[in-house]
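Structure, as structure tokens:
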Amino acid sequence: MKEYFQNIWYGFATILTGMRVTFKHLFVPAVTIQYPDVKLQLPERERNRLYVNMDDCIGCDQCARACPVDCISIETVKSIPGEDLGKTSNGKKKALWVTKFDIDIAKCCFCQLCVFPCPTECIYMTDVYEFSEFERNKLVYDFVTLTPVEREEKKANYAKLEAEKAALKAAGTPPAKPSEKVGD
Amino acid sequence: MIIYDFLYNLVFSITQSAVAGDITAMVISALLPLFILVLPFALLAVWLERKVSAHMQDRLGPMRTGSHGWLQTVADVIKLLQKEDIVAAANDRTLFNIAPILVFAGSYLVFAALPFSSAYIGSNIDLGLIFIIAASGFVVAGILMAGWSSNNKYSLLGAMRSAAQIISYEIPTILVILTIIMITGTTNLRTLSEMQTGYFWNWMIFGGAGFSLSKFLFIPFMLIGFVTLFISTLAEVNRTPFDIPEAESELVSGYHTEYSGMKFAMFFMAEYANMFAVSAIVSAIFLGGYQSPFGYLGNTFGLHWLIPIEQFLWFASKGVFFVLVQMWLRWTLPRLRVDQLMALCWKYLIPIAFVNLIIIGLITVL
């Protein structure tokens with residue numbers, strides 16, 4: 001009999017304790033973060049979408065070679081004499097037209113291995129992580145600043161120069177300098 | 001009452017037909033609680049439940065539909081309306097379709113006898129209390145039907161548990177209501193509410209109106225009766241900690257596992273309508289129903305038309321308060337096991353209610 005009333009008392013006491021706890025939590029500020037409106041501060045060295053600053057790119061292809069998943073593809077074309085491509089921000093002279101600089105971000109594994117070899121620090125990770133697309137081919141980013149017409153023009157210029165050199169060689173004049181093949 | 005008379009006189013003056021006036025007034029006053037209370041309340045309560053549960057768990061709950069997500073339930077209902085109405089091949093089609101209607105009708109029937117204010121009561125029947133118990137027992141049939149016709153072991157188990165639970169918990173409910181009937185000598189909810197008029201010390205939980213020795217003797221037993229009634233009605237509407245018929249972790253979702261779209265929404269609405277009905281009964285019996293605890297502004301300012309409106313607000317806020325307590329309990333307590341549930345009913349509530357009944361009987365005789 002004593003146990004019976006103790007049970008009742010114990011039941012009520014524990015229920016009221018529990019209710020007090022939940023009531024207190026009613027006034028505890030929520031931990032929810034309203035994601036698209038409020039965003040968490042990202043860590044300092046977070047690795048997200050790649051970006052290439054084409055003003056500094058010298059087309060050295062080192063990032064493409066470092067990439068373990070081959071998601072970077074670069075094509076370059078030599079400039080013809082007389083063209084000034086300007087300098088990079090750390091003073092290197094640019095000598096190549098970059099006619100193709102595609103990063104297939106769908107393949108990218110965010111390992112950051114492409115960032116370290118870059119001599120001009122023009123490829124780096126940004127804090128952008130919201131770039132989902134409905135079609136996979138939209139995730140291939142083209143970073144080249146030249147217009148398609150300009151790219152063709154640069155290629156044609158170089159081909160013309162080569163053709164002229166070849167013509168000169170055929171005519172018996174020794175070439176000024178042996179040309180080497182650029183790009184892949 | 002006033003609303004019924006008003007509608008009756010309106011229609012009668014137009015058509016000069018007593019039958020037409022009677023039917024129109026009855027239909028409209030019967031449908032009023034559905035549209036002004038049951039549906040808006042169900043929408044509000046579902047939203048409230050999500051917000052209360054969220055804040056008790058340090059979350060925010062729905063935030064994006066309307067200010068603080070108040071339109072979330074409306075959006076959900078629109079979504080449910082668009083959903084496919086699935087009836088599986090193995091289901092018993094007829095029973096399967098009737099069950100949600102029966103469950104909803106059962107919970108809505110209760111609203112017919114609730115005294116919303118002195119001016120409005122759906123149906124002022126003398127057997128109000130008994131009618132409410134009978135009507136809420138009606139829900140069991142619908143739940144059993146849903147479980148059986150679903151042809152699904154989880155649904156059937158849920159329905160069986162629900163039937164066992166509701167039938168068991170009706171006994172302490174009725175025993176407590178019997179004590180009230182012994183004291184007041186009425187089962188008419190309107191009369192019962194009118195008896196508790198005045199200030200809050202005239203409420204049944206404080207021994208009812210009048211000033212005598214028996215009033216003070218009643219108080220502790222009334223408190224016991226109140227708690228017993230609250231627990232047993234909580235169990236009757238299948239709310240946590242008594243939600244073993246739905247028991248998500250054991251039975252998928254119990255008797256409405258197989259339902260989709262609007263039929264599911266009907267079960268859902270019935271649950272929330274029931275929550276309010278049960279709270280309203282508890283407050284009508286013990287907490288003065290529509291009576292204000294501190295007197296009326298309408299009396300103070302001499303605006304007598306204001307009193308029924310105030311009464312309605314008091315009634316609604318008492319109901320909503322108990323609904324909030326139910327939610328509070330839901331997010332505090334874990335679910336009872338089936339044997340614990342039965343033990344609570346048969347070993348604790350029923351003996352206590354019986355002893356309470358006898359003691360109050362003796363005091364009444366004195």
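Identifiers in the structure tokens: chain A, B, ... in order shown; residue index from 1 per chain; ligand index from 1 in order shown.
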### Message
Residues within 12 Å of A:Phe131, please, as a list in words. Count only C-alpha atoms; anything in the same chain fewer than 4 positions from it doesn't count.
### Response
Asn48, Arg49, Leu50, Ile105, Ala106, Thr126, Asp127, Glu135, Arg136, Lys138, Leu139, Val140 and Tyr141 of chain A
Since we have the selection now, will you write its residues out, keeping N, CA and C atoms, as a short mmCIF file (atom, residue, chain, number, x, y, z; two decimals), in the first residue's frame?
data_model
loop_
_atom_site.label_atom_id
_atom_site.label_comp_id
_atom_site.auth_asym_id
_atom_site.auth_seq_id
_atom_site.Cartn_x
_atom_site.Cartn_y
_atom_site.Cartn_z
N ASN A 48 36.77 25.42 -51.49
CA ASN A 48 35.52 25.34 -52.22
C ASN A 48 35.79 25.52 -53.70
N ARG A 49 34.99 26.33 -54.37
CA ARG A 49 35.13 26.43 -55.82
C ARG A 49 36.43 27.11 -56.20
N LEU A 50 37.05 26.59 -57.27
CA LEU A 50 38.30 27.18 -57.77
C LEU A 50 38.00 28.46 -58.53
N ILE A 105 34.38 21.53 -62.83
CA ILE A 105 34.25 21.53 -61.38
C ILE A 105 33.47 20.30 -60.89
N ALA A 106 32.76 19.66 -61.81
CA ALA A 106 32.08 18.42 -61.44
C ALA A 106 33.07 17.32 -61.14
N THR A 126 38.05 29.65 -53.56
CA THR A 126 37.23 30.74 -53.05
C THR A 126 36.30 30.20 -51.96
N ASP A 127 35.45 31.07 -51.41
CA ASP A 127 34.50 30.58 -50.40
C ASP A 127 33.12 30.32 -51.00
N GLU A 135 22.41 20.64 -65.10
CA GLU A 135 23.10 19.86 -66.12
C GLU A 135 24.59 19.86 -65.83
N ARG A 136 25.18 18.67 -66.03
CA ARG A 136 26.56 18.53 -65.63
C ARG A 136 27.49 19.40 -66.48
N LYS A 138 27.15 22.26 -67.42
CA LYS A 138 27.20 23.65 -66.97
C LYS A 138 28.24 23.86 -65.88
N LEU A 139 28.76 22.75 -65.37
CA LEU A 139 29.78 22.85 -64.34
C LEU A 139 31.18 22.97 -64.91
N VAL A 140 31.29 22.97 -66.25
CA VAL A 140 32.59 23.20 -66.88
C VAL A 140 32.75 24.71 -66.99
N TYR A 141 33.68 25.24 -66.22
CA TYR A 141 33.85 26.69 -66.22
C TYR A 141 34.94 27.10 -67.18
#
Give me, as a compact mmCIF listing (two decimals) with N, CA and C atoms, in the first residue's frame, the contact residues of chain B against chain A at a cut-off of 8 Å, counting only C-alpha atoms.
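Output below, filename result_13.txt:
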# COMPACT_ATOMS: atom_id res chain seq x y z
N VAL B 52 5.67 24.75 -30.77
CA VAL B 52 5.94 24.44 -29.37
C VAL B 52 6.99 23.35 -29.27
N HIS B 55 10.41 24.78 -30.20
CA HIS B 55 11.05 25.65 -29.21
C HIS B 55 11.43 24.87 -27.95
N MET B 56 10.69 23.81 -27.65
CA MET B 56 11.07 22.99 -26.50
C MET B 56 12.34 22.22 -26.78
N GLN B 57 12.64 22.02 -28.06
CA GLN B 57 13.88 21.32 -28.41
C GLN B 57 14.93 22.28 -28.93
N ASP B 58 14.79 23.55 -28.59
CA ASP B 58 15.73 24.60 -29.00
C ASP B 58 15.85 24.72 -30.51
N ARG B 59 14.77 24.44 -31.21
CA ARG B 59 14.76 24.65 -32.66
C ARG B 59 13.84 25.82 -32.95
N LEU B 60 13.60 26.08 -34.23
CA LEU B 60 12.70 27.18 -34.60
C LEU B 60 11.38 26.69 -35.17
N TRP B 328 2.71 20.25 -24.23
CA TRP B 328 3.82 20.31 -23.29
C TRP B 328 4.14 18.91 -22.77
N LEU B 329 3.06 18.19 -22.40
CA LEU B 329 3.26 16.82 -21.91
C LEU B 329 3.82 15.94 -23.01
N TRP B 331 5.78 16.64 -25.43
CA TRP B 331 7.20 16.80 -25.72
C TRP B 331 8.05 16.65 -24.48
N THR B 332 7.42 16.24 -23.37
CA THR B 332 8.18 15.96 -22.15
C THR B 332 8.32 14.47 -21.92
N LEU B 333 7.20 13.75 -22.09
CA LEU B 333 7.18 12.36 -21.64
C LEU B 333 7.39 11.39 -22.78
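The shell of residues at most 12 Å from B:Leu344, with only C-alpha atoms counted and near chain neighbours (fewer than 6 positions) removed, consists of A:Tyr4, A:Asn7, A:Ile8, A:Gly11, B:Gln165, B:Ser168, B:Tyr169, B:Pro172, B:Thr228, B:Ile231, B:Ser232, B:Ala235, B:Pro241, B:Phe242, B:Leu336, B:Arg337, B:Val338, B:Ile350, B:Pro351, B:Ile352.
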Print the selection's residues with N, CA and C atoms to a file, as a tab-separated table (two decimals), in the first residue's frame.
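So again-v8.tsv came out as:
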chain	number	residue	atom	x	y	z
A	4	TYR	N	2.34	1.73	-3.32
A	4	TYR	CA	1.35	2.22	-4.27
A	4	TYR	C	1.31	3.76	-4.28
A	7	ASN	N	4.52	5.20	-5.55
A	7	ASN	CA	4.55	5.18	-7.02
A	7	ASN	C	3.84	6.40	-7.59
A	8	ILE	N	2.65	6.68	-7.05
A	8	ILE	CA	1.88	7.82	-7.55
A	8	ILE	C	2.68	9.10	-7.34
A	11	GLY	N	5.62	9.24	-9.63
A	11	GLY	CA	5.16	9.54	-10.99
A	11	GLY	C	4.92	11.03	-11.16
B	165	GLN	N	-7.45	0.85	-25.49
B	165	GLN	CA	-7.10	2.04	-24.71
B	165	GLN	C	-8.32	2.92	-24.47
B	168	SER	N	-10.81	1.30	-22.10
B	168	SER	CA	-10.36	1.27	-20.71
B	168	SER	C	-10.44	2.64	-20.08
B	169	TYR	N	-10.00	3.65	-20.83
B	169	TYR	CA	-9.90	4.97	-20.22
B	169	TYR	C	-11.24	5.68	-20.13
B	172	PRO	N	-12.50	5.54	-16.08
B	172	PRO	CA	-12.22	6.64	-15.14
B	172	PRO	C	-12.87	7.95	-15.56
B	228	THR	N	-7.40	13.21	-12.58
B	228	THR	CA	-7.80	11.93	-13.16
B	228	THR	C	-8.49	12.13	-14.50
B	231	ILE	N	-5.97	13.17	-17.20
B	231	ILE	CA	-5.13	12.06	-17.68
B	231	ILE	C	-5.96	11.12	-18.55
B	232	SER	N	-7.16	10.78	-18.08
B	232	SER	CA	-7.91	9.78	-18.83
B	232	SER	C	-8.41	10.34	-20.15
B	235	ALA	N	-5.60	10.22	-22.55
B	235	ALA	CA	-5.44	8.88	-23.11
B	235	ALA	C	-6.50	8.60	-24.15
B	241	PRO	N	1.73	10.95	-23.65
B	241	PRO	CA	2.41	9.65	-23.56
B	241	PRO	C	1.52	8.43	-23.80
B	242	PHE	N	0.30	8.64	-24.25
B	242	PHE	CA	-0.59	7.50	-24.47
B	242	PHE	C	-0.80	7.23	-25.95
B	336	LEU	N	4.27	5.36	-23.13
B	336	LEU	CA	4.10	4.26	-22.20
B	336	LEU	C	4.10	2.93	-22.96
B	337	ARG	N	4.55	1.88	-22.27
B	337	ARG	CA	4.40	0.54	-22.84
B	337	ARG	C	2.93	0.14	-22.73
B	338	VAL	N	2.52	-0.90	-23.48
B	338	VAL	CA	1.11	-1.28	-23.44
B	338	VAL	C	0.72	-1.73	-22.04
B	350	ILE	N	-8.63	3.97	-12.13
B	350	ILE	CA	-9.97	3.47	-11.80
B	350	ILE	C	-10.16	3.36	-10.29
B	351	PRO	N	-9.23	2.73	-9.52
B	351	PRO	CA	-9.42	2.71	-8.07
B	351	PRO	C	-9.51	4.12	-7.47
B	352	ILE	N	-8.63	5.01	-7.95
B	352	ILE	CA	-8.66	6.37	-7.39
B	352	ILE	C	-9.99	7.02	-7.69
**Asked** So which bits of stretch 75-256 of chain B end up helix (DSSP H, G or I) when you DSSP the backbone, as a VMD selection string?
**Response** chain B and resid 75 to 82 93 to 112 128 to 150 153 to 184 189 to 195 200 to 202 204 to 206 213 to 236 248 to 251 254 to 256
So which residues touch stretch 187-195 of chain B within 7 Å, counting only C-alpha atoms, skipping near sequence neighbours fewer than 4 positions away, as a PDB file with N, CA and C atoms, in the first residue's frame?
ATOM      1  N   PRO B 115     -20.711  23.899 -24.685  1.00  0.00           N
ATOM      2  CA  PRO B 115     -21.274  25.234 -24.448  1.00  0.00           C
ATOM      3  C   PRO B 115     -20.223  26.314 -24.747  1.00  0.00           C
ATOM      4  N   ILE B 125     -28.663  19.842 -25.303  1.00  0.00           N
ATOM      5  CA  ILE B 125     -29.338  18.627 -24.871  1.00  0.00           C
ATOM      6  C   ILE B 125     -29.115  18.419 -23.383  1.00  0.00           C
ATOM      7  N   ASP B 126     -30.125  17.827 -22.732  1.00  0.00           N
ATOM      8  CA  ASP B 126     -30.043  17.628 -21.287  1.00  0.00           C
ATOM      9  C   ASP B 126     -29.003  16.585 -20.924  1.00  0.00           C
ATOM     10  N   LEU B 127     -28.770  15.646 -21.838  1.00  0.00           N
ATOM     11  CA  LEU B 127     -27.808  14.594 -21.544  1.00  0.00           C
ATOM     12  C   LEU B 127     -26.439  14.942 -22.116  1.00  0.00           C
ATOM     13  N   GLY B 128     -26.110  16.233 -22.159  1.00  0.00           N
ATOM     14  CA  GLY B 128     -24.872  16.698 -22.781  1.00  0.00           C
ATOM     15  C   GLY B 128     -23.638  15.891 -22.451  1.00  0.00           C
ATOM     16  N   LEU B 129     -23.395  15.695 -21.144  1.00  0.00           N
ATOM     17  CA  LEU B 129     -22.180  14.985 -20.732  1.00  0.00           C
ATOM     18  C   LEU B 129     -22.172  13.549 -21.231  1.00  0.00           C
ATOM     19  N   ILE B 130     -23.294  12.895 -21.082  1.00  0.00           N
ATOM     20  CA  ILE B 130     -23.398  11.502 -21.519  1.00  0.00           C
ATOM     21  C   ILE B 130     -23.242  11.431 -23.040  1.00  0.00           C
ATOM     22  N   ILE B 181     -21.872  14.695 -11.597  1.00  0.00           N
ATOM     23  CA  ILE B 181     -23.329  14.582 -11.702  1.00  0.00           C
ATOM     24  C   ILE B 181     -23.939  14.461 -10.305  1.00  0.00           C
ATOM     25  N   ALA B 209     -20.278  26.293  -6.573  1.00  0.00           N
ATOM     26  CA  ALA B 209     -20.850  27.510  -6.002  1.00  0.00           C
ATOM     27  C   ALA B 209     -21.355  27.241  -4.590  1.00  0.00           C
ATOM     28  N   ALA B 284     -15.044  22.782 -19.066  1.00  0.00           N
ATOM     29  CA  ALA B 284     -16.468  23.001 -18.810  1.00  0.00           C
ATOM     30  C   ALA B 284     -16.882  22.353 -17.506  1.00  0.00           C
ATOM     31  N   GLY B 288     -15.327  25.982 -14.922  1.00  0.00           N
ATOM     32  CA  GLY B 288     -16.344  26.980 -15.177  1.00  0.00           C
ATOM     33  C   GLY B 288     -16.761  27.153 -16.625  1.00  0.00           C
ATOM     34  N   GLY B 289     -16.289  26.306 -17.509  1.00  0.00           N
ATOM     35  CA  GLY B 289     -16.697  26.415 -18.913  1.00  0.00           C
ATOM     36  C   GLY B 289     -16.439  27.784 -19.466  1.00  0.00           C
ATOM     37  N   TYR B 290     -17.502  28.422 -19.943  1.00  0.00           N
ATOM     38  CA  TYR B 290     -17.322  29.740 -20.548  1.00  0.00           C
ATOM     39  C   TYR B 290     -17.304  30.878 -19.529  1.00  0.00           C
ATOM     40  N   GLN B 291     -17.396  30.560 -18.237  1.00  0.00           N
ATOM     41  CA  GLN B 291     -17.453  31.628 -17.238  1.00  0.00           C
ATOM     42  C   GLN B 291     -16.088  32.278 -17.056  1.00  0.00           C
TER      43      GLN B 291
END
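The gap separating atom CA of B:Val38 from atom CA of B:Pro293 is 24.7 Å, in Å to one decimal.
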- Query: A:Thr99: which residues within 9 Å, counting only C-alpha atoms, same-chain residues fewer than 6 positions away excluded, as a list in words?
  - Reply: Ile74, Glu75, Thr76, Val77, Val144, Thr145, Leu146, Pro148, Glu150, Arg151, Glu152, Lys154 and Lys155 of chain A
* Asked: Within 8 Å of stretch 71-87 of chain B, counting only C-alpha atoms, which residues qualify if same-chain residues fewer than 6 places away don't, as a count of residues only?
  -> 15
Notebook entry, point to check: So what do you get for atom CA of B:Met266 versus atom CA of B:Ile101, distance-wise?
Noted result: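 Distance between the two atoms: 7.3 Å.
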* To do: Write out as a VMD selection string the residues lying within 7 Å of B:Thr240, counting only C-alpha atoms and excluding same-chain residues fewer than 3 positions away.
  => chain B and resid 243 330 335
Next on the checklist: As an exercise, work out the distance from atom CA of B:Leu7 to atom CA of B:Phe104 in Å and give it to one decimal place.
Outcome noted: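 Straight-line distance from atom CA of B:Leu7 to atom CA of B:Phe104 works out to 26.5 Å.
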